[in-house]
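Asker: So here's work-v7.cif (mmCIF, C-alpha atoms, pLDDT in the B column; chains and numbers go by the auth columns).
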data_my_file
loop_
_atom_site.group_PDB
_atom_site.id
_atom_site.type_symbol
_atom_site.label_atom_id
_atom_site.label_comp_id
_atom_site.label_asym_id
_atom_site.label_seq_id
_atom_site.Cartn_x
_atom_site.Cartn_y
_atom_site.Cartn_z
_atom_site.B_iso_or_equiv
_atom_site.auth_seq_id
_atom_site.auth_asym_id
ATOM 1 C CA MET A 1 18.926 13.105 -17.661 63.00 19 A
ATOM 2 C CA LYS A 2 18.668 15.949 -20.164 71.00 20 A
ATOM 3 C CA PHE A 3 20.840 16.130 -23.260 75.00 21 A
ATOM 4 C CA SER A 4 21.175 18.891 -25.807 77.00 22 A
ATOM 5 C CA LYS A 5 19.977 18.286 -29.363 80.00 23 A
ATOM 6 C CA LYS A 6 23.611 18.093 -30.497 82.00 24 A
ATOM 7 C CA ILE A 7 24.379 15.300 -27.991 83.00 25 A
ATOM 8 C CA GLN A 8 21.129 13.472 -28.849 84.00 26 A
ATOM 9 C CA ASN A 9 22.051 13.508 -32.552 86.00 27 A
ATOM 10 C CA LEU A 10 25.585 12.311 -31.755 87.00 28 A
ATOM 11 C CA ILE A 11 24.114 9.370 -29.802 87.00 29 A
ATOM 12 C CA ALA A 12 21.678 8.680 -32.655 87.00 30 A
ATOM 13 C CA ASN A 13 24.542 8.592 -35.170 88.00 31 A
ATOM 14 C CA PHE A 14 26.518 6.270 -32.935 87.00 32 A
ATOM 15 C CA ARG A 15 23.537 3.893 -32.696 88.00 33 A
ATOM 16 C CA GLY A 16 22.846 4.100 -36.441 89.00 34 A
ATOM 17 C CA LEU A 17 19.549 5.963 -35.993 88.00 35 A
ATOM 18 C CA PRO A 18 18.397 9.021 -37.981 89.00 36 A
ATOM 19 C CA GLU A 19 19.082 12.445 -36.543 86.00 37 A
ATOM 20 C CA ASP A 20 16.302 14.571 -35.117 83.00 38 A
ATOM 21 C CA SER A 21 15.995 17.859 -36.994 81.00 39 A
ATOM 22 C CA SER A 22 13.122 19.252 -34.921 79.00 40 A
ATOM 23 C CA PRO A 23 13.681 22.340 -32.770 73.00 41 A
ATOM 24 C CA SER A 24 15.524 21.626 -29.549 63.00 42 A
ATOM 25 C CA ILE A 25 13.381 21.872 -26.439 65.00 43 A
ATOM 26 C CA LEU A 26 14.576 20.477 -23.125 61.00 44 A
ATOM 27 C CA LYS A 27 11.705 19.399 -20.914 63.00 45 A
ATOM 28 C CA ASP A 28 11.695 18.664 -17.223 65.00 46 A
ATOM 29 C CA GLU A 29 11.500 15.078 -16.088 67.00 47 A
ATOM 30 C CA TRP A 30 8.508 13.960 -14.047 69.00 48 A
ATOM 31 C CA PRO A 31 8.452 11.150 -11.522 77.00 49 A
ATOM 32 C CA ALA A 32 6.605 8.104 -12.842 76.00 50 A
ATOM 33 C CA ALA A 33 4.289 8.037 -9.812 78.00 51 A
ATOM 34 C CA GLN A 34 3.113 11.589 -10.534 79.00 52 A
ATOM 35 C CA LEU A 35 2.481 10.749 -14.203 75.00 53 A
ATOM 36 C CA PHE A 36 0.490 7.677 -13.201 75.00 54 A
ATOM 37 C CA ARG A 37 -1.657 9.714 -10.776 77.00 55 A
ATOM 38 C CA ASP A 38 -2.316 12.358 -13.443 77.00 56 A
ATOM 39 C CA ILE A 39 -3.351 9.717 -15.988 74.00 57 A
ATOM 40 C CA LEU A 40 -5.711 8.080 -13.481 69.00 58 A
ATOM 41 C CA LYS A 41 -7.294 11.440 -12.651 71.00 59 A
ATOM 42 C CA LYS A 42 -7.751 12.285 -16.321 71.00 60 A
ATOM 43 C CA TYR A 43 -9.051 8.993 -17.712 68.00 61 A
ATOM 44 C CA VAL A 44 -10.497 6.924 -14.853 62.00 62 A
ATOM 45 C CA THR A 45 -13.338 8.149 -12.715 60.00 63 A
ATOM 46 C CA LYS A 46 -14.218 6.628 -9.385 57.00 64 A
ATOM 47 C CA SER A 47 -17.618 5.591 -10.680 65.00 65 A
ATOM 48 C CA ASP A 48 -15.980 3.566 -13.499 65.00 66 A
ATOM 49 C CA VAL A 49 -13.970 1.609 -10.966 68.00 67 A
ATOM 50 C CA GLU A 50 -17.008 1.087 -8.720 74.00 68 A
ATOM 51 C CA ILE A 51 -19.141 -0.126 -11.649 75.00 69 A
ATOM 52 C CA GLY A 52 -16.436 -2.569 -12.716 76.00 70 A
ATOM 53 C CA ALA A 53 -16.139 -3.839 -9.155 80.00 71 A
ATOM 54 C CA GLU A 54 -19.921 -4.350 -8.893 83.00 72 A
ATOM 55 C CA ILE A 55 -19.982 -6.356 -12.111 83.00 73 A
ATOM 56 C CA PHE A 56 -16.998 -8.443 -11.026 83.00 74 A
ATOM 57 C CA GLU A 57 -18.457 -9.136 -7.565 85.00 75 A
ATOM 58 C CA ASN A 58 -21.817 -10.195 -9.007 85.00 76 A
ATOM 59 C CA TRP A 59 -20.347 -12.167 -11.898 87.00 77 A
ATOM 60 C CA PRO A 60 -21.644 -15.639 -10.838 89.00 78 A
ATOM 61 C CA ARG A 61 -25.169 -14.189 -10.526 90.00 79 A
ATOM 62 C CA ILE A 62 -24.908 -12.402 -13.886 89.00 80 A
ATOM 63 C CA VAL A 63 -23.802 -15.315 -16.092 89.00 81 A
ATOM 64 C CA GLY A 64 -24.672 -18.249 -13.845 88.00 82 A
ATOM 65 C CA ASP A 65 -22.563 -20.812 -12.011 87.00 83 A
ATOM 66 C CA MET A 66 -21.946 -22.870 -15.142 88.00 84 A
ATOM 67 C CA PHE A 67 -20.320 -19.992 -17.070 88.00 85 A
ATOM 68 C CA CYS A 68 -18.693 -17.889 -14.345 85.00 86 A
ATOM 69 C CA ASN A 69 -15.406 -19.816 -14.616 88.00 87 A
ATOM 70 C CA LEU A 70 -15.485 -19.978 -18.426 90.00 88 A
ATOM 71 C CA CYS A 71 -15.630 -16.231 -19.077 90.00 89 A
ATOM 72 C CA ALA A 72 -14.716 -12.997 -17.341 88.00 90 A
ATOM 73 C CA PRO A 73 -15.400 -9.287 -17.778 87.00 91 A
ATOM 74 C CA HIS A 74 -12.398 -7.694 -19.454 86.00 92 A
ATOM 75 C CA LYS A 75 -13.275 -4.017 -19.929 84.00 93 A
ATOM 76 C CA ILE A 76 -16.037 -1.535 -20.573 83.00 94 A
ATOM 77 C CA THR A 77 -15.567 0.484 -23.742 83.00 95 A
ATOM 78 C CA ALA A 78 -16.313 4.183 -24.102 79.00 96 A
ATOM 79 C CA THR A 79 -19.443 3.300 -26.075 83.00 97 A
ATOM 80 C CA GLY A 80 -20.837 1.262 -23.162 82.00 98 A
ATOM 81 C CA ALA A 81 -20.014 -2.229 -24.409 87.00 99 A
ATOM 82 C CA LEU A 82 -18.875 -4.834 -21.901 87.00 100 A
ATOM 83 C CA VAL A 83 -16.055 -6.906 -23.396 89.00 101 A
ATOM 84 C CA LEU A 84 -16.010 -10.485 -22.134 90.00 102 A
ATOM 85 C CA LYS A 85 -13.044 -12.795 -22.479 91.00 103 A
ATOM 86 C CA VAL A 86 -14.366 -16.280 -23.158 91.00 104 A
ATOM 87 C CA GLN A 87 -12.568 -19.598 -22.991 90.00 105 A
ATOM 88 C CA ASN A 88 -13.531 -20.941 -26.425 92.00 106 A
ATOM 89 C CA SER A 89 -15.915 -20.527 -29.347 91.00 107 A
ATOM 90 C CA VAL A 90 -18.513 -22.913 -27.892 93.00 108 A
ATOM 91 C CA VAL A 91 -18.798 -20.786 -24.748 90.00 109 A
ATOM 92 C CA ARG A 92 -18.900 -17.643 -26.898 92.00 110 A
ATOM 93 C CA GLN A 93 -21.813 -19.011 -28.940 93.00 111 A
ATOM 94 C CA GLU A 94 -23.777 -20.075 -25.864 93.00 112 A
ATOM 95 C CA LEU A 95 -23.275 -16.689 -24.194 92.00 113 A
ATOM 96 C CA PHE A 96 -24.207 -14.922 -27.412 93.00 114 A
ATOM 97 C CA LEU A 97 -27.533 -16.765 -27.378 94.00 115 A
ATOM 98 C CA ARG A 98 -28.053 -15.621 -23.763 92.00 116 A
ATOM 99 C CA LYS A 99 -26.994 -12.029 -24.407 93.00 117 A
ATOM 100 C CA LYS A 100 -30.353 -10.392 -23.543 93.00 118 A
ATOM 101 C CA GLU A 101 -30.624 -12.445 -20.364 93.00 119 A
ATOM 102 C CA ILE A 102 -27.096 -11.449 -19.315 91.00 120 A
ATOM 103 C CA LEU A 103 -27.847 -7.766 -19.960 91.00 121 A
ATOM 104 C CA GLN A 104 -30.970 -8.046 -17.783 91.00 122 A
ATOM 105 C CA HIS A 105 -28.913 -9.607 -14.969 90.00 123 A
ATOM 106 C CA ILE A 106 -26.376 -6.782 -15.286 87.00 124 A
ATOM 107 C CA TYR A 107 -29.139 -4.158 -14.993 87.00 125 A
ATOM 108 C CA GLN A 108 -30.554 -5.948 -11.929 87.00 126 A
ATOM 109 C CA SER A 109 -27.153 -6.351 -10.225 82.00 127 A
ATOM 110 C CA CYS A 110 -25.812 -2.928 -11.129 80.00 128 A
ATOM 111 C CA PRO A 111 -28.671 -0.496 -11.907 78.00 129 A
ATOM 112 C CA ARG A 112 -26.357 2.465 -12.563 76.00 130 A
ATOM 113 C CA CYS A 113 -24.265 0.560 -15.112 77.00 131 A
ATOM 114 C CA ALA A 114 -24.598 2.047 -18.566 78.00 132 A
ATOM 115 C CA ILE A 115 -23.841 -1.224 -20.369 84.00 133 A
ATOM 116 C CA ARG A 116 -25.556 -1.148 -23.774 87.00 134 A
ATOM 117 C CA ASP A 117 -24.003 -4.179 -25.429 90.00 135 A
ATOM 118 C CA ILE A 118 -21.825 -7.214 -24.809 91.00 136 A
ATOM 119 C CA VAL A 119 -18.869 -8.088 -27.023 91.00 137 A
ATOM 120 C CA PHE A 120 -17.305 -11.552 -26.800 91.00 138 A
ATOM 121 C CA SER A 121 -13.566 -11.980 -27.272 89.00 139 A
ATOM 122 C CA LEU A 122 -11.420 -15.113 -27.276 85.00 140 A
#
Written as structure tokens, how would this file's structure read?
Answerer:
Amino acid sequence: MKFSKKIQNLIANFRGLPEDSSPSILKDEWPAAQLFRDILKKYVTKSDVEIGAEIFENWPRIVGDMFCNLCAPHKITATGALVLKVQNSVVRQELFLRKKEILQHIYQSCPRCAIRDIVFSL
């Protein structure tokens, strides 16, 4: 629902909030589904989703059976770093020591992945 600047300031005063002194511009409302679609088109490419799915599907092969339930891929940053959520600091240290090996397994499982680094997060 659209309100004029005068009504918005009246509501702000009633709620004990500061008034808005910026110029009044009423904007159209957009359905949430349309906004979500626009955001996905702008920031997520199909190849990003496919790369993430390949890593997730091959996860036991990438880190090994012993570690596949103790850590999980969380996200890929814009700089090409794979962020892993790990269960505890002992697992983090062990995976850190195997970092080069894990990167090699990623390149073998997903050749088009542009993963340059691995970051471990608790």
Asker: Grab the CA of Leu88 in chain A to CA of Phe74 in chain A distance for me, in Å with one decimal place.
Answerer: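 Those two atoms sit 13.8 Å apart.
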Asker: Which residues fall under the PyMOL selection byres ((chain A and resi 102) around 9) in this file, as an MDAnalysis selection string?
Answerer: chainID A and resid 89:93 100:101 103:104 136:140
Asker: Write out as a ChimeraX atom specification which residues come within 12 Å of Tyr125 in chain A when counting all atoms listed in the file, dropping same-chain ones fewer than 4 positions away.
Answerer: /A:69,72-73,76,79-80,118-121,129-135
Asker: Could you tell me how far CA of Ser39 in chain A sits from CA of Lys23 in chain A, in Å to one decimal place?
Answerer: 8.6 Å
Asker: Take CA of Lys59 in chain A and CA of Ala96 in chain A and report the distance between them in Å, one decimal.
Answerer: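 Result for CA of Lys59 in chain A versus CA of Ala96 in chain A: 16.3 Å, one decimal.
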Asker: For Glu37 in chain A, please output as a list of chain:residue names all residues within 9 Å (counting all atoms listed in the file; exclusion window: fewer than 3 positions along the same chain).
Answerer: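 Counting all atoms listed in the file, the residues come to A:Gln26, A:Asn27, A:Leu28, A:Ile29, A:Ala30, A:Asn31.
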Asker: Keeping only C-alpha atoms, write the selected residues to a file as an mmCIF file, keeping the file's coordinate frame.
Answerer:
data_model
loop_
_atom_site.group_PDB
_atom_site.id
_atom_site.type_symbol
_atom_site.label_atom_id
_atom_site.label_comp_id
_atom_site.auth_asym_id
_atom_site.auth_seq_id
_atom_site.Cartn_x
_atom_site.Cartn_y
_atom_site.Cartn_z
ATOM 1 C CA GLN A 26 21.129 13.472 -28.849
ATOM 2 C CA ASN A 27 22.051 13.508 -32.552
ATOM 3 C CA LEU A 28 25.585 12.311 -31.755
ATOM 4 C CA ILE A 29 24.114 9.370 -29.802
ATOM 5 C CA ALA A 30 21.678 8.680 -32.655
ATOM 6 C CA ASN A 31 24.542 8.592 -35.170
#
Asker: Kindly indicate which residue among A:Val81, A:Ala71, A:Val108, A:Cys86 lies nearest to Cys128 in chain A, using all atoms listed in the file for the distances.
Answerer: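 Closest to Cys128 in chain A, using all atoms listed in the file: A:Ala71.
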Asker: Would you please work out which residue, of A:Leu35, A:Ile124, A:Leu115, A:Ala50, is nearest to Gly70 in chain A when using only C-alpha atoms?
Answerer: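 Closest candidate: A:Ile124.
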